[in-house]
$ cat data-v5.pdb   # PDB, C-alpha atoms
ATOM      1  CA  MET A  16      14.892  -3.602  17.858
ATOM      2  CA  ALA A  17      13.294  -0.536  19.415
ATOM      3  CA  ALA A  18      16.375   1.543  18.657
ATOM      4  CA  LEU A  19      16.540   0.351  15.075
ATOM      5  CA  CYS A  20      17.038   3.689  13.351
ATOM      6  CA  ALA A  21      19.634   5.136  15.691
ATOM      7  CA  ALA A  22      22.613   3.983  13.672
ATOM      8  CA  THR A  23      21.440   5.545  10.448
ATOM      9  CA  CYS A  24      18.945   8.316  11.036
ATOM     10  CA  ALA A  25      17.575  10.713  13.592
ATOM     11  CA  VAL A  26      14.278   9.650  15.121
ATOM     12  CA  VAL A  27      11.912  12.580  14.927
ATOM     13  CA  ALA A  28       8.197  13.205  15.051
ATOM     14  CA  VAL A  29       7.264  13.507  11.395
ATOM     15  CA  GLN A  30       4.741  16.188  10.551
ATOM     16  CA  PRO A  31       1.833  15.405   8.232
ATOM     17  CA  VAL A  32       2.862  15.824   4.596
ATOM     18  CA  ALA A  33       1.249  18.740   2.820
ATOM     19  CA  ALA A  34       0.129  18.655  -0.780
ATOM     20  CA  ALA A  35       2.157  20.451  -3.442
ATOM     21  CA  ALA A  36       1.711  24.208  -3.648
ATOM     22  CA  PRO A  37      -0.878  25.301  -6.233
ATOM     23  CA  ALA A  38       1.840  27.184  -8.143
ATOM     24  CA  ASP A  39       3.432  23.830  -9.010
ATOM     25  CA  LEU A  40       0.296  22.792 -10.884
ATOM     26  CA  ILE A  41      -0.011  25.698 -13.300
ATOM     27  CA  ALA A  42      -0.477  24.532 -16.910
ATOM     28  CA  HIS A  43      -0.184  20.882 -15.918
ATOM     29  CA  PRO A  44      -3.084  18.459 -15.635
ATOM     30  CA  PRO A  45      -3.430  16.707 -12.244
ATOM     31  CA  THR A  46      -2.489  13.333 -13.759
ATOM     32  CA  GLU A  47       0.854  14.559 -15.088
ATOM     33  CA  SER A  48       4.212  14.460 -13.312
ATOM     34  CA  TYR A  49       6.770  17.038 -14.365
ATOM     35  CA  VAL A  50       9.987  18.839 -13.487
ATOM     36  CA  VAL A  51       9.050  21.992 -11.571
ATOM     37  CA  ARG A  52      12.485  23.592 -11.661
ATOM     38  CA  THR A  53      16.204  22.879 -11.355
ATOM     39  CA  GLU A  54      18.983  24.541  -9.411
ATOM     40  CA  GLU A  55      22.706  24.194 -10.049
ATOM     41  CA  ALA A  56      25.637  25.056  -7.802
ATOM     42  CA  ASP A  57      29.284  24.002  -8.036
ATOM     43  CA  GLY A  58      28.454  21.567 -10.799
ATOM     44  CA  ASP A  59      25.776  19.739  -8.804
ATOM     45  CA  MET A  60      22.097  19.845  -9.666
ATOM     46  CA  THR A  61      18.956  19.729  -7.566
ATOM     47  CA  ALA A  62      15.766  19.014  -9.485
ATOM     48  CA  PHE A  63      12.286  19.420  -8.071
ATOM     49  CA  VAL A  64       9.815  16.962  -9.551
ATOM     50  CA  HIS A  65       6.084  17.062  -9.000
ATOM     51  CA  SER A  66       4.643  13.579  -8.467
ATOM     52  CA  ALA A  67       1.077  13.297  -9.689
ATOM     53  CA  ALA A  68       0.634  10.071  -7.713
ATOM     54  CA  MET A  69       1.565  11.754  -4.417
ATOM     55  CA  ASP A  70       0.443  15.285  -5.336
ATOM     56  CA  ARG A  71       3.648  16.787  -3.974
ATOM     57  CA  THR A  72       7.040  17.913  -5.158
ATOM     58  CA  ILE A  73      10.118  15.779  -4.494
ATOM     59  CA  ALA A  74      13.680  17.117  -4.470
ATOM     60  CA  LEU A  75      16.323  15.105  -6.283
ATOM     61  CA  LYS A  76      20.029  15.427  -5.625
ATOM     62  CA  ILE A  77      21.791  14.837  -8.952
ATOM     63  CA  LEU A  78      25.423  14.268  -9.824
ATOM     64  CA  ARG A  79      25.684  14.670 -13.571
ATOM     65  CA  SER A  80      27.948  12.549 -15.695
ATOM     66  CA  PRO A  81      31.178  14.406 -16.457
ATOM     67  CA  ASP A  82      30.913  13.357 -20.108
ATOM     68  CA  ARG A  83      28.148  15.422 -21.736
ATOM     69  CA  THR A  84      29.185  14.604 -25.322
ATOM     70  CA  ALA A  85      26.929  11.538 -25.430
ATOM     71  CA  PRO A  86      24.011  10.182 -23.385
ATOM     72  CA  SER A  87      24.989   8.488 -20.110
ATOM     73  CA  PRO A  88      23.241   5.869 -17.954
ATOM     74  CA  THR A  89      21.709   6.501 -14.524
ATOM     75  CA  LEU A  90      22.296   5.161 -11.024
ATOM     76  CA  TYR A  91      19.337   5.671  -8.698
ATOM     77  CA  LEU A  92      20.803   5.800  -5.196
ATOM     78  CA  LEU A  93      18.356   5.613  -2.280
ATOM     79  CA  ASN A  94      18.908   6.754   1.298
ATOM     80  CA  GLY A  95      17.934   4.807   4.409
ATOM     81  CA  ALA A  96      15.060   5.066   6.877
ATOM     82  CA  GLY A  97      15.283   8.844   7.287
ATOM     83  CA  GLY A  98      14.968   9.436   3.546
ATOM     84  CA  GLY A  99      17.943  11.814   3.549
ATOM     85  CA  THR A 100      16.055  14.527   5.449
ATOM     86  CA  ASP A 101      17.836  13.862   8.740
ATOM     87  CA  GLY A 102      21.472  14.574   7.845
ATOM     88  CA  MET A 103      22.110  10.862   7.307
ATOM     89  CA  ASP A 104      22.443  10.624   3.552
ATOM     90  CA  TRP A 105      24.879   9.558   0.855
ATOM     91  CA  TYR A 106      26.166  13.095   0.287
ATOM     92  CA  THR A 107      26.997  14.026   3.878
ATOM     93  CA  GLN A 108      28.147  10.613   5.082
ATOM     94  CA  THR A 109      30.190   9.248   2.160
ATOM     95  CA  ASP A 110      32.521  10.253  -0.655
ATOM     96  CA  VAL A 111      29.845   9.693  -3.299
ATOM     97  CA  ALA A 112      30.454  13.067  -4.998
ATOM     98  CA  SER A 113      34.190  12.600  -5.419
ATOM     99  CA  PHE A 114      33.889   8.898  -6.238
ATOM    100  CA  PHE A 115      31.573   9.528  -9.179
ATOM    101  CA  ALA A 116      33.354  12.689 -10.364
ATOM    102  CA  ASP A 117      35.114  10.706 -13.104
ATOM    103  CA  LYS A 118      32.463   8.022 -13.699
ATOM    104  CA  ASN A 119      30.329   8.127 -16.827
ATOM    105  CA  VAL A 120      26.992   7.919 -15.029
ATOM    106  CA  ASN A 121      24.314  10.233 -13.663
ATOM    107  CA  VAL A 122      23.568   9.663  -9.964
ATOM    108  CA  VAL A 123      20.030  10.523  -8.867
ATOM    109  CA  THR A 124      18.954  10.480  -5.216
ATOM    110  CA  PRO A 125      15.436  11.424  -4.075
ATOM    111  CA  ILE A 126      15.250  13.384  -0.822
ATOM    112  CA  GLY A 127      12.242  12.225   1.174
ATOM    113  CA  GLY A 128      10.305   9.046   1.759
ATOM    114  CA  ALA A 129      11.269   8.681   5.417
ATOM    115  CA  TYR A 130       9.989   5.427   6.948
ATOM    116  CA  SER A 131       7.924   4.721   3.818
ATOM    117  CA  TYR A 132       9.852   1.709   2.458
ATOM    118  CA  TYR A 133       9.690   3.548  -0.886
ATOM    119  CA  THR A 134       6.557   1.561  -1.641
ATOM    120  CA  ASP A 135       2.971   2.321  -2.630
ATOM    121  CA  TRP A 136       0.873   2.599   0.519
ATOM    122  CA  GLN A 137      -2.718   1.411   0.413
ATOM    123  CA  HIS A 138      -4.027   4.412   2.344
ATOM    124  CA  ASP A 139      -2.929   7.935   3.202
ATOM    125  CA  ASP A 140      -1.295   8.106   6.620
ATOM    126  CA  PRO A 141      -1.997  10.874   9.175
ATOM    127  CA  VAL A 142       1.745  11.315   9.755
ATOM    128  CA  LEU A 143       3.445  10.319   6.503
ATOM    129  CA  GLY A 144       0.756  11.520   4.131
ATOM    130  CA  ARG A 145       0.308   9.958   0.699
ATOM    131  CA  ASN A 146       3.058   7.528  -0.234
ATOM    132  CA  LYS A 147       3.178   6.207  -3.779
ATOM    133  CA  TRP A 148       6.924   5.893  -3.955
ATOM    134  CA  GLU A 149       7.040   2.812  -6.161
ATOM    135  CA  THR A 150       4.888   4.568  -8.737
ATOM    136  CA  PHE A 151       7.071   7.658  -8.484
ATOM    137  CA  LEU A 152      10.430   5.866  -8.692
ATOM    138  CA  ALA A 153       9.576   3.269 -11.322
ATOM    139  CA  GLU A 154       6.948   4.979 -13.502
ATOM    140  CA  GLU A 155       6.893   8.753 -13.090
ATOM    141  CA  LEU A 156      10.557   9.556 -12.536
ATOM    142  CA  PRO A 157      12.589   7.596 -15.132
ATOM    143  CA  PRO A 158      11.170   9.281 -18.263
ATOM    144  CA  LEU A 159      11.541  12.712 -16.645
ATOM    145  CA  VAL A 160      15.159  12.001 -15.683
ATOM    146  CA  ASP A 161      15.885  10.568 -19.131
ATOM    147  CA  ASP A 162      14.604  13.749 -20.745
ATOM    148  CA  LEU A 163      16.175  16.170 -18.248
ATOM    149  CA  LEU A 164      19.643  14.608 -18.347
ATOM    150  CA  ASP A 165      19.577  13.205 -21.886
ATOM    151  CA  THR A 166      20.345   9.704 -20.605
ATOM    152  CA  ASP A 167      20.756   6.530 -22.641
ATOM    153  CA  GLY A 168      17.835   4.892 -20.805
ATOM    154  CA  ARG A 169      19.970   2.358 -18.961
ATOM    155  CA  ASN A 170      19.472   2.201 -15.189
ATOM    156  CA  VAL A 171      20.841   0.584 -12.062
ATOM    157  CA  ILE A 172      19.633   1.085  -8.494
ATOM    158  CA  ALA A 173      21.094   0.724  -5.002
ATOM    159  CA  GLY A 174      19.964   1.389  -1.450
ATOM    160  CA  ILE A 175      20.860   0.899   2.186
ATOM    161  CA  SER A 176      19.024  -0.431   5.225
ATOM    162  CA  MET A 177      15.288   0.217   4.684
ATOM    163  CA  ALA A 178      15.912   1.026   1.013
ATOM    164  CA  ALA A 179      17.934  -2.181   0.593
ATOM    165  CA  THR A 180      14.576  -3.954   0.868
ATOM    166  CA  SER A 181      12.927  -1.450  -1.465
ATOM    167  CA  VAL A 182      15.418  -1.780  -4.324
ATOM    168  CA  LEU A 183      14.941  -5.549  -4.520
ATOM    169  CA  ASN A 184      11.174  -5.109  -4.731
ATOM    170  CA  LEU A 185      11.500  -2.414  -7.398
ATOM    171  CA  VAL A 186      13.579  -4.811  -9.483
ATOM    172  CA  ALA A 187      11.127  -7.676  -8.934
ATOM    173  CA  HIS A 188       8.069  -5.578  -9.762
ATOM    174  CA  HIS A 189       9.486  -3.802 -12.821
ATOM    175  CA  PRO A 190      11.417  -6.281 -14.957
ATOM    176  CA  GLY A 191      13.814  -4.688 -17.415
ATOM    177  CA  LEU A 192      13.861  -1.266 -15.780
ATOM    178  CA  TYR A 193      17.094  -1.862 -13.834
ATOM    179  CA  ARG A 194      20.077  -3.801 -15.133
ATOM    180  CA  ALA A 195      21.706  -4.212 -11.713
ATOM    181  CA  VAL A 196      20.857  -3.719  -8.054
ATOM    182  CA  GLY A 197      22.877  -3.081  -4.903
ATOM    183  CA  SER A 198      21.217  -4.044  -1.616
ATOM    184  CA  TYR A 199      23.363  -3.075   1.365
ATOM    185  CA  SER A 200      22.430  -4.259   4.889
ATOM    186  CA  GLY A 201      18.745  -4.815   4.271
ATOM    187  CA  CYS A 202      16.100  -7.361   5.193
ATOM    188  CA  ALA A 203      14.707  -8.895   2.018
ATOM    189  CA  SER A 204      12.039 -10.839   3.884
ATOM    190  CA  THR A 205       8.792  -9.224   5.018
ATOM    191  CA  THR A 206       6.482 -12.139   5.834
ATOM    192  CA  ASP A 207       8.405 -14.244   8.363
ATOM    193  CA  MET A 208       8.290 -13.203  12.009
ATOM    194  CA  LEU A 209      11.665 -11.402  12.025
ATOM    195  CA  GLY A 210      11.174  -9.628   8.708
ATOM    196  CA  ARG A 211       7.679  -8.449   9.583
ATOM    197  CA  ALA A 212       8.879  -7.164  12.966
ATOM    198  CA  TYR A 213      11.736  -5.315  11.268
ATOM    199  CA  VAL A 214       9.368  -3.551   8.855
ATOM    200  CA  LYS A 215       6.964  -2.577  11.606
ATOM    201  CA  THR A 216       9.783  -1.199  13.735
ATOM    202  CA  VAL A 217      11.103   0.998  10.919
ATOM    203  CA  VAL A 218       7.680   2.447  10.101
ATOM    204  CA  SER A 219       6.981   3.080  13.791
ATOM    205  CA  MET A 220       9.992   5.414  13.875
ATOM    206  CA  ALA A 221       7.665   7.995  12.351
ATOM    207  CA  LEU A 222       5.880   8.556  15.611
ATOM    208  CA  GLY A 223       2.181   7.926  15.081
ATOM    209  CA  ALA A 224       2.485   6.345  11.622
ATOM    210  CA  ASN A 225       0.318   3.278  11.039
ATOM    211  CA  VAL A 226       1.985   0.377   9.233
ATOM    212  CA  GLY A 227      -1.493  -0.936   8.436
ATOM    213  CA  ASN A 228      -1.823   1.953   5.992
ATOM    214  CA  MET A 229       1.170   0.592   4.091
ATOM    215  CA  TRP A 230       0.490  -3.064   3.263
ATOM    216  CA  GLY A 231      -2.619  -3.664   5.317
ATOM    217  CA  PRO A 232      -3.052  -6.314   8.025
ATOM    218  CA  ASP A 233      -0.544  -9.148   8.404
ATOM    219  CA  ASN A 234      -2.496 -11.466   6.084
ATOM    220  CA  ASP A 235      -2.816  -8.926   3.269
ATOM    221  CA  PRO A 236      -1.291 -10.083  -0.070
ATOM    222  CA  ASP A 237       0.804  -6.886  -0.245
ATOM    223  CA  TRP A 238       3.109  -8.227   2.483
ATOM    224  CA  LEU A 239       3.765 -11.280   0.337
ATOM    225  CA  ARG A 240       4.162  -9.212  -2.821
ATOM    226  CA  ASN A 241       6.944  -7.219  -1.154
ATOM    227  CA  ASP A 242       8.900 -10.212   0.158
ATOM    228  CA  ALA A 243      11.960 -10.595  -2.075
ATOM    229  CA  VAL A 244      12.815 -14.004  -0.615
ATOM    230  CA  VAL A 245       9.408 -15.415  -1.529
ATOM    231  CA  ASN A 246       9.575 -13.704  -4.937
ATOM    232  CA  ALA A 247      13.253 -14.405  -5.594
ATOM    233  CA  GLU A 248      12.539 -15.885  -9.032
ATOM    234  CA  LYS A 249      11.585 -12.387 -10.209
ATOM    235  CA  LEU A 250      15.164 -11.232  -9.551
ATOM    236  CA  ARG A 251      16.545 -13.559 -12.217
ATOM    237  CA  GLY A 252      18.373 -11.746 -14.992
ATOM    238  CA  THR A 253      19.389  -8.738 -12.887
ATOM    239  CA  ALA A 254      22.998  -8.396 -11.729
ATOM    240  CA  MET A 255      22.949  -8.329  -7.922
ATOM    241  CA  TYR A 256      25.406  -7.158  -5.275
ATOM    242  CA  ILE A 257      24.064  -7.941  -1.791
ATOM    243  CA  SER A 258      26.036  -7.196   1.371
ATOM    244  CA  ASN A 259      25.884  -7.465   5.132
ATOM    245  CA  GLY A 260      28.226  -7.356   8.094
ATOM    246  CA  SER A 261      28.259  -9.677  11.079
ATOM    247  CA  GLY A 262      27.452  -7.012  13.663
ATOM    248  CA  LEU A 263      30.922  -7.171  15.218
ATOM    249  CA  ALA A 264      32.962  -3.960  15.281
ATOM    250  CA  GLY A 265      35.223  -3.606  12.278
ATOM    251  CA  ALA A 266      37.486  -1.182  10.437
ATOM    252  CA  SER A 267      34.824   1.535  10.037
ATOM    253  CA  ASP A 268      33.789   1.537  13.683
ATOM    254  CA  THR A 269      36.040   4.365  14.806
ATOM    255  CA  LEU A 270      35.908   7.582  16.807
ATOM    256  CA  ASP A 271      35.816   9.923  13.811
ATOM    257  CA  GLY A 272      32.018  10.006  13.379
ATOM    258  CA  THR A 273      29.884  13.142  13.577
ATOM    259  CA  ASN A 274      27.025  13.679  16.008
ATOM    260  CA  PRO A 275      25.860  16.539  18.265
ATOM    261  CA  ASN A 276      26.602  14.283  21.213
ATOM    262  CA  GLY A 277      30.207  13.809  20.156
ATOM    263  CA  PRO A 278      32.171  11.084  18.344
ATOM    264  CA  GLY A 279      32.260   8.820  21.402
ATOM    265  CA  PHE A 280      28.476   8.601  21.295
ATOM    266  CA  VAL A 281      28.588   7.786  17.584
ATOM    267  CA  LEU A 282      30.991   4.908  18.111
ATOM    268  CA  LEU A 283      28.994   3.500  21.018
ATOM    269  CA  ASN A 284      25.796   3.785  18.992
ATOM    270  CA  GLN A 285      27.350   2.082  15.953
ATOM    271  CA  MET A 286      28.743  -0.783  17.981
ATOM    272  CA  VAL A 287      25.707  -1.457  20.163
ATOM    273  CA  VAL A 288      22.661  -0.439  18.113
ATOM    274  CA  GLY A 289      24.275  -0.759  14.699
ATOM    275  CA  GLY A 290      25.694  -4.121  15.667
ATOM    276  CA  ALA A 291      22.298  -5.453  16.705
ATOM    277  CA  ILE A 292      20.632  -4.218  13.528
ATOM    278  CA  GLU A 293      23.303  -5.815  11.359
ATOM    279  CA  VAL A 294      22.802  -9.147  13.106
ATOM    280  CA  ALA A 295      19.093  -8.985  12.262
ATOM    281  CA  THR A 296      19.606  -7.978   8.621
ATOM    282  CA  GLY A 297      22.321 -10.607   8.342
ATOM    283  CA  ASP A 298      19.803 -13.346   9.105
ATOM    284  CA  CYS A 299      17.550 -12.010   6.327
ATOM    285  CA  THR A 300      20.474 -11.779   3.924
ATOM    286  CA  ARG A 301      21.566 -15.371   4.512
ATOM    287  CA  ARG A 302      18.022 -16.574   3.824
ATOM    288  CA  LEU A 303      17.952 -14.646   0.553
ATOM    289  CA  LYS A 304      21.305 -16.171  -0.376
ATOM    290  CA  ALA A 305      19.994 -19.673   0.302
ATOM    291  CA  LYS A 306      16.865 -19.057  -1.787
ATOM    292  CA  LEU A 307      18.803 -17.679  -4.747
ATOM    293  CA  GLU A 308      21.205 -20.619  -4.606
ATOM    294  CA  GLN A 309      18.261 -23.023  -4.488
ATOM    295  CA  LEU A 310      16.871 -21.398  -7.632
ATOM    296  CA  ASP A 311      20.322 -21.247  -9.279
ATOM    297  CA  ILE A 312      20.090 -17.473  -9.654
ATOM    298  CA  PRO A 313      23.540 -15.825  -9.671
ATOM    299  CA  ALA A 314      24.279 -12.986  -7.241
ATOM    300  CA  HIS A 315      27.359 -11.597  -5.542
ATOM    301  CA  PHE A 316      27.092 -11.730  -1.754
ATOM    302  CA  GLU A 317      29.526  -9.766   0.392
ATOM    303  CA  LEU A 318      29.118 -11.267   3.875
ATOM    304  CA  ARG A 319      31.696  -9.518   6.021
ATOM    305  CA  PRO A 320      33.063 -11.250   9.151
ATOM    306  CA  LYS A 321      32.951  -7.846  10.856
ATOM    307  CA  GLY A 322      30.963  -4.660  10.390
ATOM    308  CA  THR A 323      28.001  -2.789  11.838
ATOM    309  CA  HIS A 324      25.001  -0.979  10.335
ATOM    310  CA  SER A 325      26.891   2.164   9.391
ATOM    311  CA  TRP A 326      28.014   4.376   6.537
ATOM    312  CA  GLY A 327      31.673   3.406   6.275
ATOM    313  CA  TYR A 328      30.706  -0.073   5.131
ATOM    314  CA  TRP A 329      28.059   1.192   2.705
ATOM    315  CA  GLN A 330      30.563   3.537   1.119
ATOM    316  CA  GLN A 331      32.843   0.565   0.548
ATOM    317  CA  ASP A 332      29.915  -1.464  -0.788
ATOM    318  CA  LEU A 333      29.158   1.243  -3.333
ATOM    319  CA  HIS A 334      32.808   1.282  -4.412
ATOM    320  CA  ASN A 335      32.901  -2.508  -4.635
ATOM    321  CA  SER A 336      29.641  -2.844  -6.530
ATOM    322  CA  TRP A 337      30.411  -0.132  -9.083
ATOM    323  CA  PRO A 338      32.367  -2.457 -11.445
ATOM    324  CA  MET A 339      29.318  -4.763 -11.558
ATOM    325  CA  PHE A 340      27.044  -1.782 -12.216
ATOM    326  CA  GLU A 341      29.368  -0.412 -14.878
ATOM    327  CA  GLN A 342      29.469  -3.760 -16.672
ATOM    328  CA  ALA A 343      25.682  -4.126 -16.536
ATOM    329  CA  LEU A 344      25.235  -0.634 -17.947
ATOM    330  CA  ALA A 345      27.631  -1.386 -20.793
ATOM    331  CA  ASP A 346      26.067  -4.701 -21.854
TER     332      ASP A 346
END
$ encode --input "data-v5.pdb" --output "structure tokens"
Amino acid sequence: MAALCAATCAVVAVQPVAAAAPADLIAHPPTESYVVRTEEADGDMTAFVHSAAMDRTIALKILRSPDRTAPSPTLYLLNGAGGGTDGMDWYTQTDVASFFADKNVNVVTPIGGAYSYYTDWQHDDPVLGRNKWETFLAEELPPLVDDLLDTDGRNVIAGISMAATSVLNLVAHHPGLYRAVGSYSGCASTTDMLGRAYVKTVVSMALGANVGNMWGPDNDPDWLRNDAVVNAEKLRGTAMYISNGSGLAGASDTLDGTNPNGPGFVLLNQMVVGGAIEVATGDCTRRLKAKLEQLDIPAHFELRPKGTHSWGYWQQDLHNSWPMFEQALAD
């Protein structure tokens, strides 16, 4: 699993995260999160939100609902291990903008959080800085987004790969905040040998980052708290779309990818590295399925006979899960 991130993000040495510029803090107390500014171009919005918990400003890519005559709901859409800062994100790799152009929903995607699991870390990290992503996503951000976009307060959330783990934990830890969740090619387990190794491998992609700063040593209760298989009962009542491929090459494993090394490299990478990753996440996904069935908790599982850890399948997952999201937002 040493090449875990290669199918979805660029592995880079992450620089220590600096605190927000003093100008962002003018007229705002240090305990308050707020919208610093917004920028709009071609109908799309980028909002910059200062997180009091992390003491830094986070960029949000926003697709606004086309219907502004009444409040609309919100889809929080999370990127994978690179956090969308590596060119591997929903907006460059999929048709998300055109797909939602006629959908009555606001789509909000934070840019950042690489290798963080979008969780609250116990300690600041010398490479990744202060990570309080759960606090930001579930407590600080929703009221700011609701006010900025005049939403109706109804939310759903989806994520891929690393974030496919995160979205399940956000649902489990914050009952009632999200009406539906999409978890695409993720490992829900964090405490068994495979799941723990998967988490450690992802965090280690940030060269020099210390996973012990995230959830502590292996026996720390935070590892258990963030295991969605162990805590599956807390997912009850949320509509769930959970997907995974088999790791075998499928319809989206073609030569039309983009990479500085050329499309041939992309295809080889998807089939070899992306195939191996999807096999690993598939084992996690089947265990989550078994646990939910044992507890008689309904969920839609899309277990493809083919498919690697790559964007073509996640685009299709987003398309396929939208009717479930739309229904949950309407109920």
$ atom_distance --input "data-v5.pdb" --atom1 "CA of Asp237 in chain A" --atom2 "CA of His189 in chain A"
15.6 Å
$ resolve_selection --input "data-v5.pdb" --expression "the PyMOL selection byres ((chain A and resi 187) around 12)" --output "MDAnalysis selection string"
chainID A and resid 149 153 180:186 188:196 203 240:253 255
$ closest_residue --input "data-v5.pdb" --among "A:Pro86, A:Leu209, A:Gly327, A:Ala224" --to "Thr296 in chain A" --atoms "only C-alpha atoms"
A:Leu209
$ closest_residue --input "data-v5.pdb" --among "A:Tyr132, A:Phe114, A:Tyr328, A:Phe340" --to "Asn170 in chain A" --atoms "only C-alpha atoms"
A:Phe340
$ residues_around --input "data-v5.pdb" --residues "range 109-111 of chain A" --least-positions-apart "3" --cutoff "12 Å" --atoms "all atoms listed in the file" --output "PyMOL selection string"
chain A and resi 76-78+90+92+94+102-106+114-118+121-124+267+272+325-334+337
$ write_last_selection --input "data-v5.pdb" --atoms "C-alpha atoms" --output "PDB file, in the coordinates of the input"
ATOM      1  CA  LYS A  76      20.029  15.427  -5.625  1.00  0.00           C
ATOM      2  CA  ILE A  77      21.791  14.837  -8.952  1.00  0.00           C
ATOM      3  CA  LEU A  78      25.423  14.268  -9.824  1.00  0.00           C
ATOM      4  CA  LEU A  90      22.296   5.161 -11.024  1.00  0.00           C
ATOM      5  CA  LEU A  92      20.803   5.800  -5.196  1.00  0.00           C
ATOM      6  CA  ASN A  94      18.908   6.754   1.298  1.00  0.00           C
ATOM      7  CA  GLY A 102      21.472  14.574   7.845  1.00  0.00           C
ATOM      8  CA  MET A 103      22.110  10.862   7.307  1.00  0.00           C
ATOM      9  CA  ASP A 104      22.443  10.624   3.552  1.00  0.00           C
ATOM     10  CA  TRP A 105      24.879   9.558   0.855  1.00  0.00           C
ATOM     11  CA  TYR A 106      26.166  13.095   0.287  1.00  0.00           C
ATOM     12  CA  PHE A 114      33.889   8.898  -6.238  1.00  0.00           C
ATOM     13  CA  PHE A 115      31.573   9.528  -9.179  1.00  0.00           C
ATOM     14  CA  ALA A 116      33.354  12.689 -10.364  1.00  0.00           C
ATOM     15  CA  ASP A 117      35.114  10.706 -13.104  1.00  0.00           C
ATOM     16  CA  LYS A 118      32.463   8.022 -13.699  1.00  0.00           C
ATOM     17  CA  ASN A 121      24.314  10.233 -13.663  1.00  0.00           C
ATOM     18  CA  VAL A 122      23.568   9.663  -9.964  1.00  0.00           C
ATOM     19  CA  VAL A 123      20.030  10.523  -8.867  1.00  0.00           C
ATOM     20  CA  THR A 124      18.954  10.480  -5.216  1.00  0.00           C
ATOM     21  CA  SER A 267      34.824   1.535  10.037  1.00  0.00           C
ATOM     22  CA  GLY A 272      32.018  10.006  13.379  1.00  0.00           C
ATOM     23  CA  SER A 325      26.891   2.164   9.391  1.00  0.00           C
ATOM     24  CA  TRP A 326      28.014   4.376   6.537  1.00  0.00           C
ATOM     25  CA  GLY A 327      31.673   3.406   6.275  1.00  0.00           C
ATOM     26  CA  TYR A 328      30.706  -0.073   5.131  1.00  0.00           C
ATOM     27  CA  TRP A 329      28.059   1.192   2.705  1.00  0.00           C
ATOM     28  CA  GLN A 330      30.563   3.537   1.119  1.00  0.00           C
ATOM     29  CA  GLN A 331      32.843   0.565   0.548  1.00  0.00           C
ATOM     30  CA  ASP A 332      29.915  -1.464  -0.788  1.00  0.00           C
ATOM     31  CA  LEU A 333      29.158   1.243  -3.333  1.00  0.00           C
ATOM     32  CA  HIS A 334      32.808   1.282  -4.412  1.00  0.00           C
ATOM     33  CA  TRP A 337      30.411  -0.132  -9.083  1.00  0.00           C
TER      34      TRP A 337
END
$ atom_distance --input "data-v5.pdb" --atom1 "CA of Val171 in chain A" --atom2 "CA of Pro81 in chain A"
17.8 Å
$ closest_residue --input "data-v5.pdb" --among "A:Thr53, A:Ala62, A:Ala129, A:Arg169" --to "Gly95 in chain A" --atoms "all atoms listed in the file"
A:Ala129
$ atom_distance --input "data-v5.pdb" --atom1 "CA of Trp238 in chain A" --atom2 "CA of Thr206 in chain A"
6.2 Å
$ resolve_selection --input "data-v5.pdb" --expression "the PyMOL selection byres ((chain A and resi 199) around 7)" --output "number ranges by chain"
A: 174-176, 179, 197-198, 200-201, 257-259, 329
$ closest_residue --input "data-v5.pdb" --among "A:Tyr130, A:Phe63, A:Tyr256, A:Trp230" --to "Val51 in chain A" --atoms "only C-alpha atoms"
A:Phe63
$ resolve_selection --input "data-v5.pdb" --expression "the PyMOL selection byres ((chain A and resi 120) around 6)" --output "PDB file with C-alpha atoms, in the frame of the given file"
ATOM      1  CA  SER A  80      27.948  12.549 -15.695  1.00  0.00           C
ATOM      2  CA  SER A  87      24.989   8.488 -20.110  1.00  0.00           C
ATOM      3  CA  PRO A  88      23.241   5.869 -17.954  1.00  0.00           C
ATOM      4  CA  THR A  89      21.709   6.501 -14.524  1.00  0.00           C
ATOM      5  CA  LYS A 118      32.463   8.022 -13.699  1.00  0.00           C
ATOM      6  CA  ASN A 119      30.329   8.127 -16.827  1.00  0.00           C
ATOM      7  CA  ASN A 121      24.314  10.233 -13.663  1.00  0.00           C
TER       8      ASN A 121
END
$ residues_around --input "data-v5.pdb" --residues "Gly128 in chain A" --least-positions-apart "2" --cutoff "8 Å" --atoms "all atoms listed in the file" --output "PyMOL selection string"
chain A and resi 97-98+126+130-133+146+148
$ write_last_selection --input "data-v5.pdb" --atoms "C-alpha atoms" --output "PDB file, in the coordinates of the input"
ATOM      1  CA  GLY A  97      15.283   8.844   7.287  1.00  0.00           C
ATOM      2  CA  GLY A  98      14.968   9.436   3.546  1.00  0.00           C
ATOM      3  CA  ILE A 126      15.250  13.384  -0.822  1.00  0.00           C
ATOM      4  CA  TYR A 130       9.989   5.427   6.948  1.00  0.00           C
ATOM      5  CA  SER A 131       7.924   4.721   3.818  1.00  0.00           C
ATOM      6  CA  TYR A 132       9.852   1.709   2.458  1.00  0.00           C
ATOM      7  CA  TYR A 133       9.690   3.548  -0.886  1.00  0.00           C
ATOM      8  CA  ASN A 146       3.058   7.528  -0.234  1.00  0.00           C
ATOM      9  CA  TRP A 148       6.924   5.893  -3.955  1.00  0.00           C
TER      10      TRP A 148
END
$ residues_around --input "data-v5.pdb" --residues "Val160 in chain A" --least-positions-apart "2" --cutoff "10 Å" --atoms "only C-alpha atoms" --output "list in words"
Tyr49, Val50, Ala62, Val64, Leu75, Ile77, Thr89, Asn121, Val123, Glu155, Leu156, Pro157, Pro158, Asp162, Leu163, Leu164, Asp165, Thr166 and Gly168 of chain A
$ residues_around --input "data-v5.pdb" --residues "Gly260 in chain A" --least-positions-apart "3" --cutoff "9 Å" --atoms "all atoms listed in the file" --output "PyMOL selection string"
chain A and resi 200+263+265+290+293-294+296-297+317-324+328
$ axis_aligned_box --input "data-v5.pdb" --around "range 294-310 of chain A" --padding-each-side "8 Å" --output "AutoDock Vina command-line options"
--center_x 19.8 --center_y -15.5 --center_z 2.7 --size_x 21.9 --size_y 31.0 --size_z 36.7
